[in-house]
Each structure stands twice: as C-alpha cells, then as structure tokens.
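Next comes input.pdb, with PDB, C-alpha atoms.
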```
ATOM      1  CA  MET E 237     108.943  95.517  81.136
ATOM      2  CA  THR E 238     107.397  98.806  82.236
ATOM      3  CA  GLU E 239     104.703  96.911  84.097
ATOM      4  CA  GLN E 240     107.304  94.922  85.983
ATOM      5  CA  ILE E 241     109.176  98.082  87.008
ATOM      6  CA  VAL E 242     105.903  99.633  88.250
ATOM      7  CA  PHE E 243     105.106  96.388  90.066
ATOM      8  CA  PHE E 244     108.478  96.470  91.826
ATOM      9  CA  ILE E 245     108.025 100.101  92.862
ATOM     10  CA  PHE E 246     104.632  99.308  94.395
ATOM     11  CA  THR E 247     106.076  96.158  95.991
ATOM     12  CA  ILE E 248     108.779  98.223  97.674
ATOM     13  CA  MET E 249     106.060 100.583  98.953
ATOM     14  CA  VAL E 250     103.815  97.768 100.205
ATOM     15  CA  LEU E 251     106.418  95.462 101.753
ATOM     16  CA  GLY E 252     108.711  98.253 102.954
ATOM     17  CA  GLY E 253     105.737  99.906 104.606
ATOM     18  CA  GLY E 254     104.685  96.600 106.156
ATOM     19  CA  LEU E 255     108.208  95.980 107.445
ATOM     20  CA  GLY E 256     108.270  99.483 108.918
ATOM     21  CA  VAL E 257     104.938  98.885 110.657
ATOM     22  CA  VAL E 258     106.135  95.787 112.477
ATOM     23  CA  SER E 259     109.731  96.864 113.163
ATOM     24  CA  THR E 260     109.799 100.540 114.130
ATOM     25  CA  LYS E 261     109.692 101.382 117.825
ATOM     26  CA  ASN E 262     107.920 104.701 117.389
ATOM     27  CA  LEU E 263     104.209 104.014 116.905
ATOM     28  CA  TYR E 264     103.675 107.325 115.148
ATOM     29  CA  TYR E 265     106.119 106.281 112.414
ATOM     30  CA  ALA E 266     104.451 102.874 112.287
ATOM     31  CA  ALA E 267     101.118 104.512 111.427
ATOM     32  CA  LEU E 268     102.777 106.587 108.689
ATOM     33  CA  PHE E 269     104.426 103.425 107.283
ATOM     34  CA  LEU E 270     100.966 101.843 107.355
ATOM     35  CA  SER E 271      99.543 104.574 105.119
ATOM     36  CA  LEU E 272     102.526 104.169 102.748
ATOM     37  CA  SER E 273     101.708 100.459 102.511
ATOM     38  CA  PHE E 274      98.024 101.228 101.847
ATOM     39  CA  SER E 275      98.953 103.674  99.064
ATOM     40  CA  GLY E 276     101.112 101.047  97.368
ATOM     41  CA  MET E 277      98.160  98.680  97.501
ATOM     42  CA  ALA E 278      95.995 101.242  95.726
ATOM     43  CA  GLY E 279      98.588 101.136  92.918
ATOM     44  CA  TYR E 280      98.295  97.356  92.837
ATOM     45  CA  PHE E 281      94.524  97.632  92.445
ATOM     46  CA  ILE E 282      94.919  99.982  89.471
ATOM     47  CA  MET E 283      97.289  97.457  87.854
ATOM     48  CA  LEU E 284      94.731  94.698  88.472
ATOM     49  CA  ASN E 285      91.899  96.477  86.620
ATOM     50  CA  ALA E 286      90.187  97.549  89.872
ATOM     51  CA  GLY E 287      90.185 101.339  89.679
ATOM     52  CA  PHE E 288      87.135 101.692  91.921
ATOM     53  CA  LEU E 289      88.808  99.618  94.634
ATOM     54  CA  ALA E 290      91.919 101.794  94.341
ATOM     55  CA  ALA E 291      89.814 104.886  95.029
ATOM     56  CA  VAL E 292      88.064 103.119  97.921
ATOM     57  CA  GLN E 293      91.443 102.043  99.279
ATOM     58  CA  ILE E 294      92.740 105.627  99.290
ATOM     59  CA  ILE E 295      89.545 107.073 100.775
ATOM     60  CA  VAL E 296      88.804 104.425 103.402
ATOM     61  CA  TYR E 297      92.255 103.180 104.394
ATOM     62  CA  VAL E 298      94.593 106.145 103.901
ATOM     63  CA  GLY E 299      91.949 108.769 104.544
ATOM     64  CA  ALA E 300      90.016 107.210 107.410
ATOM     65  CA  ILE E 301      91.619 104.198 109.095
ATOM     66  CA  ALA E 302      95.227 105.460 109.120
ATOM     67  CA  ILE E 303      94.087 108.852 110.425
ATOM     68  CA  LEU E 304      91.907 107.151 113.061
ATOM     69  CA  ILE E 305      94.919 105.113 114.200
ATOM     70  CA  LEU E 306      97.033 108.290 114.362
ATOM     71  CA  PHE E 307      94.370 109.915 116.567
ATOM     72  CA  ALA E 308      94.290 106.870 118.866
ATOM     73  CA  ILE E 309      98.105 106.901 119.151
ATOM     74  CA  MET E 310      98.119 110.567 120.075
ATOM     75  CA  LEU E 311      95.276 110.121 122.594
ATOM     76  CA  SER E 312      97.213 107.365 124.381
ATOM     77  CA  ARG E 313     100.484 109.199 124.096
ATOM     78  CA  LYS E 314     101.774 108.897 127.662
ATOM     79  CA  VAL E 315     102.777 105.282 127.138
ATOM     80  CA  MET E 316     104.500 105.976 123.823
ATOM     81  CA  THR E 317     108.049 105.953 125.121
ATOM     82  CA  THR E 318     110.321 104.974 122.265
ATOM     83  CA  ASN E 319     113.339 103.604 124.136
ATOM     84  CA  GLU E 320     111.760 100.566 125.762
ATOM     85  CA  PRO E 321     111.237  97.448 123.621
ATOM     86  CA  GLN E 322     107.853  97.261 121.889
ATOM     87  CA  THR E 323     107.735  93.472 121.688
ATOM     88  CA  ASN E 324     106.344  91.031 124.220
ATOM     89  CA  LYS E 325     107.636  87.769 125.635
ATOM     90  CA  GLN E 326     106.521  85.630 122.696
ATOM     91  CA  ASN E 327     108.560  87.622 120.178
ATOM     92  CA  TRP E 328     111.057  84.804 119.543
ATOM     93  CA  LEU E 329     108.220  82.316 118.972
ATOM     94  CA  ALA E 330     106.557  84.675 116.489
ATOM     95  CA  LEU E 331     109.911  85.093 114.736
ATOM     96  CA  ILE E 332     110.046  81.316 114.243
ATOM     97  CA  VAL E 333     106.384  80.660 113.399
ATOM     98  CA  THR E 334     105.692  83.418 110.863
ATOM     99  CA  PRO E 335     108.633  82.588 108.515
ATOM    100  CA  LEU E 336     107.528  78.951 108.667
ATOM    101  CA  LEU E 337     103.984  79.978 107.707
ATOM    102  CA  TYR E 338     105.410  82.130 104.921
ATOM    103  CA  LEU E 339     107.505  79.277 103.519
ATOM    104  CA  THR E 340     104.546  76.883 103.689
ATOM    105  CA  LEU E 341     102.253  79.275 101.843
ATOM    106  CA  ILE E 342     104.933  80.096  99.232
ATOM    107  CA  PHE E 343     105.423  76.347  98.666
ATOM    108  CA  LEU E 344     101.667  76.101  98.063
ATOM    109  CA  VAL E 345     101.615  79.129  95.747
ATOM    110  CA  VAL E 346     104.436  77.732  93.606
ATOM    111  CA  LYS E 347     103.201  74.128  93.592
ATOM    112  CA  VAL E 348      99.559  74.663  92.646
ATOM    113  CA  ASN E 349      98.836  74.894  88.927
ATOM    114  CA  TRP E 350      96.555  77.959  88.876
ATOM    115  CA  PRO E 351      93.965  77.859  86.071
ATOM    116  CA  VAL E 352      94.909  81.252  84.669
ATOM    117  CA  SER E 353      92.461  82.510  82.056
ATOM    118  CA  SER E 354      93.676  84.583  79.124
ATOM    119  CA  ALA E 355      90.310  86.262  78.479
ATOM    120  CA  ALA E 356      90.206  90.039  78.217
ATOM    121  CA  PRO E 357      89.347  91.797  81.492
ATOM    122  CA  ALA E 358      85.889  93.251  82.006
ATOM    123  CA  LEU E 359      85.569  96.812  80.758
ATOM    124  CA  ASP E 360      82.421  97.789  82.676
ATOM    125  CA  VAL E 361      83.747  96.960  86.137
ATOM    126  CA  LEU E 362      81.708  99.581  87.957
ATOM    127  CA  THR E 363      78.455  98.692  86.162
ATOM    128  CA  GLN E 364      78.946  95.025  86.982
ATOM    129  CA  MET E 365      79.757  95.777  90.612
ATOM    130  CA  GLY E 366      76.626  97.876  90.986
ATOM    131  CA  ALA E 367      74.538  95.116  89.437
ATOM    132  CA  GLN E 368      76.110  92.564  91.808
ATOM    133  CA  PHE E 369      75.564  94.708  94.894
ATOM    134  CA  LEU E 370      71.887  95.252  94.104
ATOM    135  CA  GLY E 371      71.412  91.792  92.584
ATOM    136  CA  GLY E 372      73.038  88.596  93.785
ATOM    137  CA  TYR E 373      74.750  90.169  96.800
ATOM    138  CA  LEU E 374      71.798  92.300  97.903
ATOM    139  CA  ILE E 375      71.376  90.674 101.330
ATOM    140  CA  PRO E 376      75.097  90.786 102.272
ATOM    141  CA  PHE E 377      75.101  94.403 101.109
ATOM    142  CA  GLU E 378      72.169  95.314 103.367
ATOM    143  CA  VAL E 379      73.658  93.356 106.301
ATOM    144  CA  MET E 380      76.882  95.290 105.723
ATOM    145  CA  SER E 381      75.077  98.611 105.989
ATOM    146  CA  VAL E 382      73.438  97.509 109.254
ATOM    147  CA  LEU E 383      76.847  96.355 110.528
ATOM    148  CA  LEU E 384      78.381  99.749 109.738
ATOM    149  CA  LEU E 385      75.535 101.487 111.593
ATOM    150  CA  VAL E 386      75.989  99.183 114.619
ATOM    151  CA  ALA E 387      79.747  99.781 114.581
ATOM    152  CA  LEU E 388      79.184 103.551 114.423
ATOM    153  CA  VAL E 389      76.799 103.563 117.398
ATOM    154  CA  GLY E 390      78.900 101.048 119.328
ATOM    155  CA  ALA E 391      82.105 103.022 118.847
ATOM    156  CA  ILE E 392      80.423 106.190 120.111
ATOM    157  CA  ILE E 393      79.010 104.409 123.168
ATOM    158  CA  LEU E 394      82.331 102.707 123.992
ATOM    159  CA  ALA E 395      84.453 105.834 123.627
ATOM    160  CA  ARG E 396      81.995 108.127 125.461
ATOM    161  CA  ASP E 397      83.226 109.670 128.688
ATOM    162  CA  VAL E 398      81.376 107.840 131.464
ATOM    163  CA  GLU E 399      83.077 109.598 134.391
ATOM    164  CA  LYS E 400      79.906 111.396 135.490
ATOM    165  CA  GLY E 401      77.689 108.316 135.420
ATOM    166  CA  ARG E 402      80.047 106.191 137.530
ATOM    167  CA  GLU E 403      79.665 106.056 141.285
TER     168      GLU E 403
ATOM    169  CA  MET G 144      99.311  92.390  81.922
ATOM    170  CA  GLN G 145     100.398  88.795  81.490
ATOM    171  CA  ASN G 146     103.978  90.049  81.863
ATOM    172  CA  ILE G 147     103.470  89.614  85.589
ATOM    173  CA  PRO G 148     102.614  86.054  86.601
ATOM    174  CA  LEU G 149      99.907  85.414  89.165
ATOM    175  CA  THR G 150     102.432  83.880  91.567
ATOM    176  CA  TRP G 151     104.153  87.264  92.010
ATOM    177  CA  TRP G 152     100.992  88.827  93.379
ATOM    178  CA  LEU G 153     100.365  85.821  95.605
ATOM    179  CA  SER G 154     103.948  85.955  96.898
ATOM    180  CA  VAL G 155     103.641  89.634  97.814
ATOM    181  CA  ALA G 156     100.299  88.988  99.516
ATOM    182  CA  THR G 157     101.793  86.053 101.442
ATOM    183  CA  ALA G 158     104.760  88.143 102.582
ATOM    184  CA  LEU G 159     102.457  90.937 103.702
ATOM    185  CA  PHE G 160     100.210  88.477 105.555
ATOM    186  CA  SER G 161     103.221  87.031 107.385
ATOM    187  CA  LEU G 162     104.455  90.511 108.300
ATOM    188  CA  GLY G 163     101.014  91.412 109.647
ATOM    189  CA  LEU G 164     100.799  88.171 111.620
ATOM    190  CA  TYR G 165     104.236  88.804 113.109
ATOM    191  CA  GLY G 166     103.168  92.326 114.103
ATOM    192  CA  ALA G 167      99.921  91.079 115.642
ATOM    193  CA  LEU G 168     101.688  88.320 117.604
ATOM    194  CA  SER G 169     104.761  90.124 118.865
ATOM    195  CA  ARG G 170     103.708  93.697 119.618
ATOM    196  CA  LYS G 171     102.961  94.934 123.119
ATOM    197  CA  ASN G 172     100.848  97.931 122.215
ATOM    198  CA  ALA G 173      97.201  97.252 121.357
ATOM    199  CA  ILE G 174      97.214  99.821 118.544
ATOM    200  CA  ALA G 175     100.260  98.145 116.959
ATOM    201  CA  ILE G 176      98.423  94.808 117.088
ATOM    202  CA  LEU G 177      95.510  96.466 115.288
ATOM    203  CA  MET G 178      97.904  97.713 112.591
ATOM    204  CA  GLY G 179      99.135  94.148 112.089
ATOM    205  CA  LEU G 180      95.533  93.021 111.643
ATOM    206  CA  GLU G 181      94.942  95.705 109.017
ATOM    207  CA  LEU G 182      98.003  94.492 107.087
ATOM    208  CA  MET G 183      96.634  90.945 107.113
ATOM    209  CA  LEU G 184      93.218  92.080 105.842
ATOM    210  CA  ASN G 185      94.905  94.007 103.036
ATOM    211  CA  ALA G 186      96.969  90.983 102.022
ATOM    212  CA  VAL G 187      93.715  89.071 101.645
ATOM    213  CA  ASN G 188      92.346  91.881  99.475
ATOM    214  CA  ILE G 189      95.347  91.663  97.123
ATOM    215  CA  ASN G 190      94.721  87.928  96.812
ATOM    216  CA  LEU G 191      91.015  88.375  96.054
ATOM    217  CA  VAL G 192      91.584  91.005  93.370
ATOM    218  CA  ALA G 193      94.505  89.137  91.792
ATOM    219  CA  PHE G 194      92.510  85.899  91.564
ATOM    220  CA  ASN G 195      89.620  87.884  90.089
ATOM    221  CA  ARG G 196      91.874  89.445  87.438
ATOM    222  CA  TYR G 197      93.733  86.259  86.443
ATOM    223  CA  ILE G 198      91.263  83.399  86.839
ATOM    224  CA  THR G 199      87.828  84.953  86.153
ATOM    225  CA  PRO G 200      88.586  88.269  84.382
ATOM    226  CA  GLN G 201      85.099  88.527  82.824
ATOM    227  CA  ASN G 202      83.234  89.142  86.072
ATOM    228  CA  VAL G 203      84.005  91.164  89.185
ATOM    229  CA  THR G 204      83.059  88.857  92.083
ATOM    230  CA  GLY G 205      86.495  89.144  93.695
ATOM    231  CA  GLN G 206      86.274  92.923  93.748
ATOM    232  CA  VAL G 207      82.800  92.747  95.336
ATOM    233  CA  PHE G 208      84.272  90.514  98.055
ATOM    234  CA  ALA G 209      87.152  92.961  98.520
ATOM    235  CA  VAL G 210      84.646  95.785  99.101
ATOM    236  CA  PHE G 211      82.983  93.665 101.804
ATOM    237  CA  VAL G 212      86.377  93.023 103.428
ATOM    238  CA  ILE G 213      87.144  96.763 103.398
ATOM    239  CA  ALA G 214      83.792  97.561 105.043
ATOM    240  CA  ILE G 215      84.357  94.929 107.754
ATOM    241  CA  ALA G 216      87.885  96.258 108.329
ATOM    242  CA  ALA G 217      86.593  99.809 108.734
ATOM    243  CA  ALA G 218      83.946  98.731 111.268
ATOM    244  CA  GLU G 219      86.504  96.612 113.122
ATOM    245  CA  ALA G 220      89.038  99.453 113.291
ATOM    246  CA  ALA G 221      86.453 101.918 114.606
ATOM    247  CA  VAL G 222      85.210  99.585 117.371
ATOM    248  CA  ALA G 223      88.709  98.390 118.308
ATOM    249  CA  LEU G 224      90.057 101.924 118.635
ATOM    250  CA  ALA G 225      87.036 102.911 120.746
ATOM    251  CA  ILE G 226      87.734  99.950 123.055
ATOM    252  CA  ILE G 227      91.428 100.888 123.255
ATOM    253  CA  ILE G 228      90.606 104.515 124.137
ATOM    254  CA  ALA G 229      88.105 103.374 126.791
ATOM    255  CA  ALA G 230      90.656 100.941 128.265
ATOM    256  CA  TYR G 231      93.318 103.640 128.283
ATOM    257  CA  ARG G 232      90.963 106.002 130.111
ATOM    258  CA  GLN G 233      90.120 103.391 132.764
ATOM    259  CA  ARG G 234      93.467 101.651 133.224
ATOM    260  CA  GLY G 235      95.989 104.199 131.967
ATOM    261  CA  THR G 236      97.723 101.739 129.663
ATOM    262  CA  VAL G 237      97.390 100.216 126.185
ATOM    263  CA  ASN G 238      99.889  97.445 126.869
ATOM    264  CA  VAL G 239      98.009  94.181 126.317
ATOM    265  CA  ASP G 240     100.174  92.386 128.910
ATOM    266  CA  ASP G 241      98.693  94.657 131.583
ATOM    267  CA  LEU G 242      95.080  94.383 130.339
ATOM    268  CA  ASP G 243      94.633  90.849 131.676
ATOM    269  CA  SER G 244      91.829  91.166 134.237
ATOM    270  CA  MET G 245      89.648  88.788 132.169
ATOM    271  CA  LYS G 246      92.389  86.165 132.192
ATOM    272  CA  PHE G 247      91.667  83.135 134.380
TER     273      PHE G 247
END
```

Starting from the coordinates I provided, produce the structure as structure tokens.
Amino acid sequence: MTEQIVFFIFTIMVLGGGLGVVSTKNLYYAALFLSLSFSGMAGYFIMLNAGFLAAVQIIVYVGAIAILILFAIMLSRKVMTTNEPQTNKQNWLALIVTPLLYLTLIFLVVKVNWPVSSAAPALDVLTQMGAQFLGGYLIPFEVMSVLLLVALVGAIILARDVEKGRE
Amino acid sequence: MQNIPLTWWLSVATALFSLGLYGALSRKNAIAILMGLELMLNAVNINLVAFNRYITPQNVTGQVFAVFVIAIAAAEAAVALAIIIAAYRQRGTVNVDDLDSMKF
C-alpha cells in the first residue's frame, strides 16, 4: 500500500511535470516543470532498485541538462513573449496523432503477457554495472567516452562567437 | 515490490512518451522541441529499468543501457543548444518555422 502511494506521488510529479512542459506558454516555467519531471523519475529509479541511476539522473538531468536549457532560454530571451501562441500549424494534427499512438501502445502493454520473474533483485547493482562496463560493454563504453569528447568540442566550436572571422 | 504491476510503469512511460512527442511535434520554439525530446528519452529509460527489475532482476543490463541513453541525451542536449544559440545569433530567432533556409 505504501509503495503504491509513493508510486502515485512520483507519477503526479513525472506526468504533471511533463504536462506542464508541453502546455505552458512561458518557456522558463516549462524548463522548471522539466526538472520536476526529472526529479520524479529519480524517485522511480530508487523504487526500481536502481539507486545509482537515480543519482545519475539528479546529477546529469536536473543538475546539468535542465540548467543548460534554462541558460539557452535566457540567452534567446527576446523572442520569449508569453502572449502569442507557442504552437505551430500542425498542432491539431499532433493532438490527434499522439493520443492515437498512446492508445495503441497501451493496448499493446495490456495485451502482451509479460514474463515477469519473481526472483529477488540483485544486491550488488553497482559492482555488476562496473563489471559490465569494463567487460561485455567495454567497446560501447569507450565509444561513448569518445562521443562525449566530440560533443564537448563540437558544442564549443558551434557556440563560439565567429563575428570577427566573418567577412 | 510486486504490489505494483509492471503494466503501471509501462503505462506511465507510454504517457510520458506521448506527451514528449506532442511537445516535439507541436511547439514553435526550438528549445521547447528539445525539451519534448528529453521527455521521450526519459520515458524510454523508465521502460528499460522497469523491464530490468521485473523480467531479469538478477542482472543489470537494463540499467547499463539506461546509462548509455543518459550519456547520449547529454551529448545531444549540449550540441543542440549550441546550434540553437548559434542560429539565434545569426538569424535572431529560435522559431523553427523561420529557420527554413535549408528547405527545398
């Protein structure tokens, strides 16, 4: 019972935050709703025996990505007028298509007989993850580090002020 | 733990994915589209971790995948925001309807 109450609280955080992100006109509020949604997801990860992922979620998403988005919103602030509509011409189409997608996926989720296992969850999650990262998933792990380096350099080059170099 | 069936987690993840898709499809502002994408990536993460916990609880493959998704999302957000800032500096707008010079 307690678990279900906690689940509902986190669900309100996650889905309410998500609804705020897509519905509010003020982008600044949308970014704050986004970090609320990310925090709720960290709670989900703790409930799902993934404490390390919960910490990563807080550090990377709430601490880095949401703040980065806030910076970008403030840097492009001139266009952030809140009284004009924030949706484009295909809004009505999106309003039809996404509920249809949702209903289709929910139909699938309910229909499929998931092979749920009743085994006890792993206790040494972090040890196992470390062994996986430096064992079976070594090459994806190294590619990931190269990708992060490329993204770092690329972001700096793209966002650099090129006014002086242009003719 | 088994008080909460797996379908509840999947339903929440599906709802969040649909919300993110709606945001990515219907918003005018490029940063708002990026926020919709982040919601979709997070919905996938919930799915991965929930499947890991319910179907193969002895190993942690789903969580390893979720870490990869988080790393990709971080790289994607950094590059996308850099592109948006550069476009704003050059064109003075972040409205994707106005950034159509590559459109045929």

Skip segment 175-188 of chain G itself and residues of its chain fewer than 3 positions away, then list as a PyMOL selection string all residues within 7 Å of it, counting all atoms listed in the file.
chain G and resi 156-157+159-160+163-164+166-167+170+172+191-192+209

Work out how far apart atom CA of Val257 of chain E and atom CA of Ile393 of chain E are and give it in Å to one decimal.
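Distance between the two atoms: 29.3 Å.
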
Spatial neighbours of segment 372-387 of chain E, max dist 9 Å, all atoms listed in the file, sep filter under 6 positions, as a list in words
Val207, Phe211, Ala214, Ile215, Ala217, Ala218, Glu219, Ala221 and Val222 of chain G

At a cut-off of 9 Å, using all atoms listed in the file, what residues contact segment 288-304 of chain E? Leave out same-chain residues fewer than 4 positions from it and give the result as a ChimeraX atom specification.
/E:267-268,270-272,274-275,277-282,308-309,361-362 /G:178,206,209-210,213-214,216-217,220-221,224

Using all atoms listed in the file and a distance of at most 6 Å, pull out the residues of chain G that contact chain E, as a list in words.
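Using all atoms listed in the file, chain G residues at most 6 Å from chain E: Ser161, Tyr165, Gly166, Ser169, Arg170, Lys171, Tyr197, Ile198, Pro200, Gln201, Ala218, Val222, Ala225 and Ala229 of chain G.
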
Once you have the residues from the selection above, write them out as a PDB file, keeping the file's coordinate frame, restricted to C-alpha atoms.
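Resulting contents of selection.pdb:
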```pdb
ATOM      1  CA  SER G 161     103.221  87.031 107.385  1.00  0.00           C
ATOM      2  CA  TYR G 165     104.236  88.804 113.109  1.00  0.00           C
ATOM      3  CA  GLY G 166     103.168  92.326 114.103  1.00  0.00           C
ATOM      4  CA  SER G 169     104.761  90.124 118.865  1.00  0.00           C
ATOM      5  CA  ARG G 170     103.708  93.697 119.618  1.00  0.00           C
ATOM      6  CA  LYS G 171     102.961  94.934 123.119  1.00  0.00           C
ATOM      7  CA  TYR G 197      93.733  86.259  86.443  1.00  0.00           C
ATOM      8  CA  ILE G 198      91.263  83.399  86.839  1.00  0.00           C
ATOM      9  CA  PRO G 200      88.586  88.269  84.382  1.00  0.00           C
ATOM     10  CA  GLN G 201      85.099  88.527  82.824  1.00  0.00           C
ATOM     11  CA  ALA G 218      83.946  98.731 111.268  1.00  0.00           C
ATOM     12  CA  VAL G 222      85.210  99.585 117.371  1.00  0.00           C
ATOM     13  CA  ALA G 225      87.036 102.911 120.746  1.00  0.00           C
ATOM     14  CA  ALA G 229      88.105 103.374 126.791  1.00  0.00           C
TER      15      ALA G 229
END
```

For the atom pair atom CA of Phe246 of chain E and atom CA of Gly276 of chain E, what is the interatomic distance in Å to one decimal place?
4.9 Å

Find the distance between atom CA of Ile248 of chain E and atom CA of Phe194 of chain G and write it in Å to one decimal.
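Distance reported for this atom pair: 21.3 Å.
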
Quick one: residues within 12 Å of Leu242 of chain G, all atoms listed in the file, excluding same-chain residues fewer than 5 positions away - as a ChimeraX atom specification?
/G:171-173,226-227,229-231,233-237

Quick one: write out the picked residues with C-alpha atoms as a compact mmCIF listing (two decimals), keeping the file's coordinate frame?
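New file part.txt:
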```txt
# COMPACT_ATOMS: atom_id res chain seq x y z
CA LYS G 171 102.96 94.93 123.12
CA ASN G 172 100.85 97.93 122.22
CA ALA G 173 97.20 97.25 121.36
CA ILE G 226 87.73 99.95 123.06
CA ILE G 227 91.43 100.89 123.26
CA ALA G 229 88.10 103.37 126.79
CA ALA G 230 90.66 100.94 128.26
CA TYR G 231 93.32 103.64 128.28
CA GLN G 233 90.12 103.39 132.76
CA ARG G 234 93.47 101.65 133.22
CA GLY G 235 95.99 104.20 131.97
CA THR G 236 97.72 101.74 129.66
CA VAL G 237 97.39 100.22 126.18
```

Please write out, as JSON, where the centre of an axis-aligned box around all listed atoms of segment 190-202 of chain G lies and how long its edges are, in Å to one decimal, after adding 6 Å on each side.
```
{"center_x": 89.0, "center_y": 87.2, "center_z": 89.8, "size_x": 23.5, "size_y": 19.6, "size_z": 26.0}
```

In terms of the shortest atom-to-atom distance over all atoms listed in the file, which of G:Ile147, G:Leu162, G:Phe208, G:Met245 is closest to Asn195 of chain G?
G:Phe208

Repaired coordinates for segment 302-310 of chain E (all heavy atoms) as an mmCIF file, keeping the file's coordinate frame:
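Listed below is the output, selection.cif:
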```
data_model
loop_
_atom_site.group_PDB
_atom_site.id
_atom_site.type_symbol
_atom_site.label_atom_id
_atom_site.label_comp_id
_atom_site.auth_asym_id
_atom_site.auth_seq_id
_atom_site.Cartn_x
_atom_site.Cartn_y
_atom_site.Cartn_z
ATOM 1 N N ALA E 302 93.893 105.035 108.674
ATOM 2 C CA ALA E 302 95.227 105.460 109.120
ATOM 3 C C ALA E 302 95.134 106.710 109.997
ATOM 4 O O ALA E 302 95.831 106.823 111.012
ATOM 5 C CB ALA E 302 96.118 105.703 107.908
ATOM 6 N N ILE E 303 94.236 107.628 109.628
ATOM 7 C CA ILE E 303 94.087 108.852 110.425
ATOM 8 C C ILE E 303 93.487 108.525 111.791
ATOM 9 O O ILE E 303 93.894 109.068 112.821
ATOM 10 C CB ILE E 303 93.205 109.861 109.661
ATOM 11 C CG1 ILE E 303 93.837 110.201 108.309
ATOM 12 C CG2 ILE E 303 92.994 111.113 110.468
ATOM 13 C CD1 ILE E 303 95.185 110.831 108.406
ATOM 14 N N LEU E 304 92.518 107.579 111.790
ATOM 15 C CA LEU E 304 91.907 107.151 113.061
ATOM 16 C C LEU E 304 92.967 106.555 113.979
ATOM 17 O O LEU E 304 93.004 106.846 115.195
ATOM 18 C CB LEU E 304 90.826 106.115 112.741
ATOM 19 C CG LEU E 304 89.682 105.914 113.696
ATOM 20 C CD1 LEU E 304 88.888 107.180 113.809
ATOM 21 C CD2 LEU E 304 88.806 104.790 113.202
ATOM 22 N N ILE E 305 93.863 105.738 113.402
ATOM 23 C CA ILE E 305 94.919 105.113 114.200
ATOM 24 C C ILE E 305 95.866 106.182 114.739
ATOM 25 O O ILE E 305 96.283 106.138 115.904
ATOM 26 C CB ILE E 305 95.648 104.047 113.355
ATOM 27 C CG1 ILE E 305 94.747 102.824 113.166
ATOM 28 C CG2 ILE E 305 96.937 103.622 114.012
ATOM 29 C CD1 ILE E 305 95.307 101.782 112.259
ATOM 30 N N LEU E 306 96.173 107.188 113.898
ATOM 31 C CA LEU E 306 97.033 108.290 114.362
ATOM 32 C C LEU E 306 96.394 109.008 115.546
ATOM 33 O O LEU E 306 97.068 109.317 116.539
ATOM 34 C CB LEU E 306 97.271 109.276 113.230
ATOM 35 C CG LEU E 306 98.410 108.956 112.270
ATOM 36 C CD1 LEU E 306 98.482 110.014 111.195
ATOM 37 C CD2 LEU E 306 99.715 108.895 113.019
ATOM 38 N N PHE E 307 95.072 109.259 115.459
ATOM 39 C CA PHE E 307 94.370 109.915 116.567
ATOM 40 C C PHE E 307 94.483 109.064 117.830
ATOM 41 O O PHE E 307 94.773 109.583 118.918
ATOM 42 C CB PHE E 307 92.894 110.108 116.231
ATOM 43 C CG PHE E 307 92.602 111.382 115.500
ATOM 44 C CD1 PHE E 307 91.713 111.413 114.453
ATOM 45 C CD2 PHE E 307 93.221 112.560 115.869
ATOM 46 C CE1 PHE E 307 91.446 112.576 113.776
ATOM 47 C CE2 PHE E 307 92.967 113.731 115.206
ATOM 48 C CZ PHE E 307 92.076 113.744 114.151
ATOM 49 N N ALA E 308 94.249 107.743 117.686
ATOM 50 C CA ALA E 308 94.290 106.870 118.866
ATOM 51 C C ALA E 308 95.684 106.865 119.478
ATOM 52 O O ALA E 308 95.830 106.877 120.703
ATOM 53 C CB ALA E 308 93.874 105.456 118.474
ATOM 54 N N ILE E 309 96.738 106.889 118.621
ATOM 55 C CA ILE E 309 98.105 106.901 119.151
ATOM 56 C C ILE E 309 98.342 108.176 119.935
ATOM 57 O O ILE E 309 98.897 108.171 121.040
ATOM 58 C CB ILE E 309 99.107 106.760 117.991
ATOM 59 C CG1 ILE E 309 99.059 105.343 117.433
ATOM 60 C CG2 ILE E 309 100.515 107.066 118.464
ATOM 61 C CD1 ILE E 309 99.802 105.199 116.147
ATOM 62 N N MET E 310 97.867 109.303 119.376
ATOM 63 C CA MET E 310 98.119 110.567 120.075
ATOM 64 C C MET E 310 97.296 110.669 121.362
ATOM 65 O O MET E 310 97.736 111.270 122.330
ATOM 66 C CB MET E 310 97.775 111.730 119.158
ATOM 67 C CG MET E 310 98.778 111.891 118.053
ATOM 68 S SD MET E 310 98.248 113.166 116.960
ATOM 69 C CE MET E 310 99.579 113.144 115.793
#
```
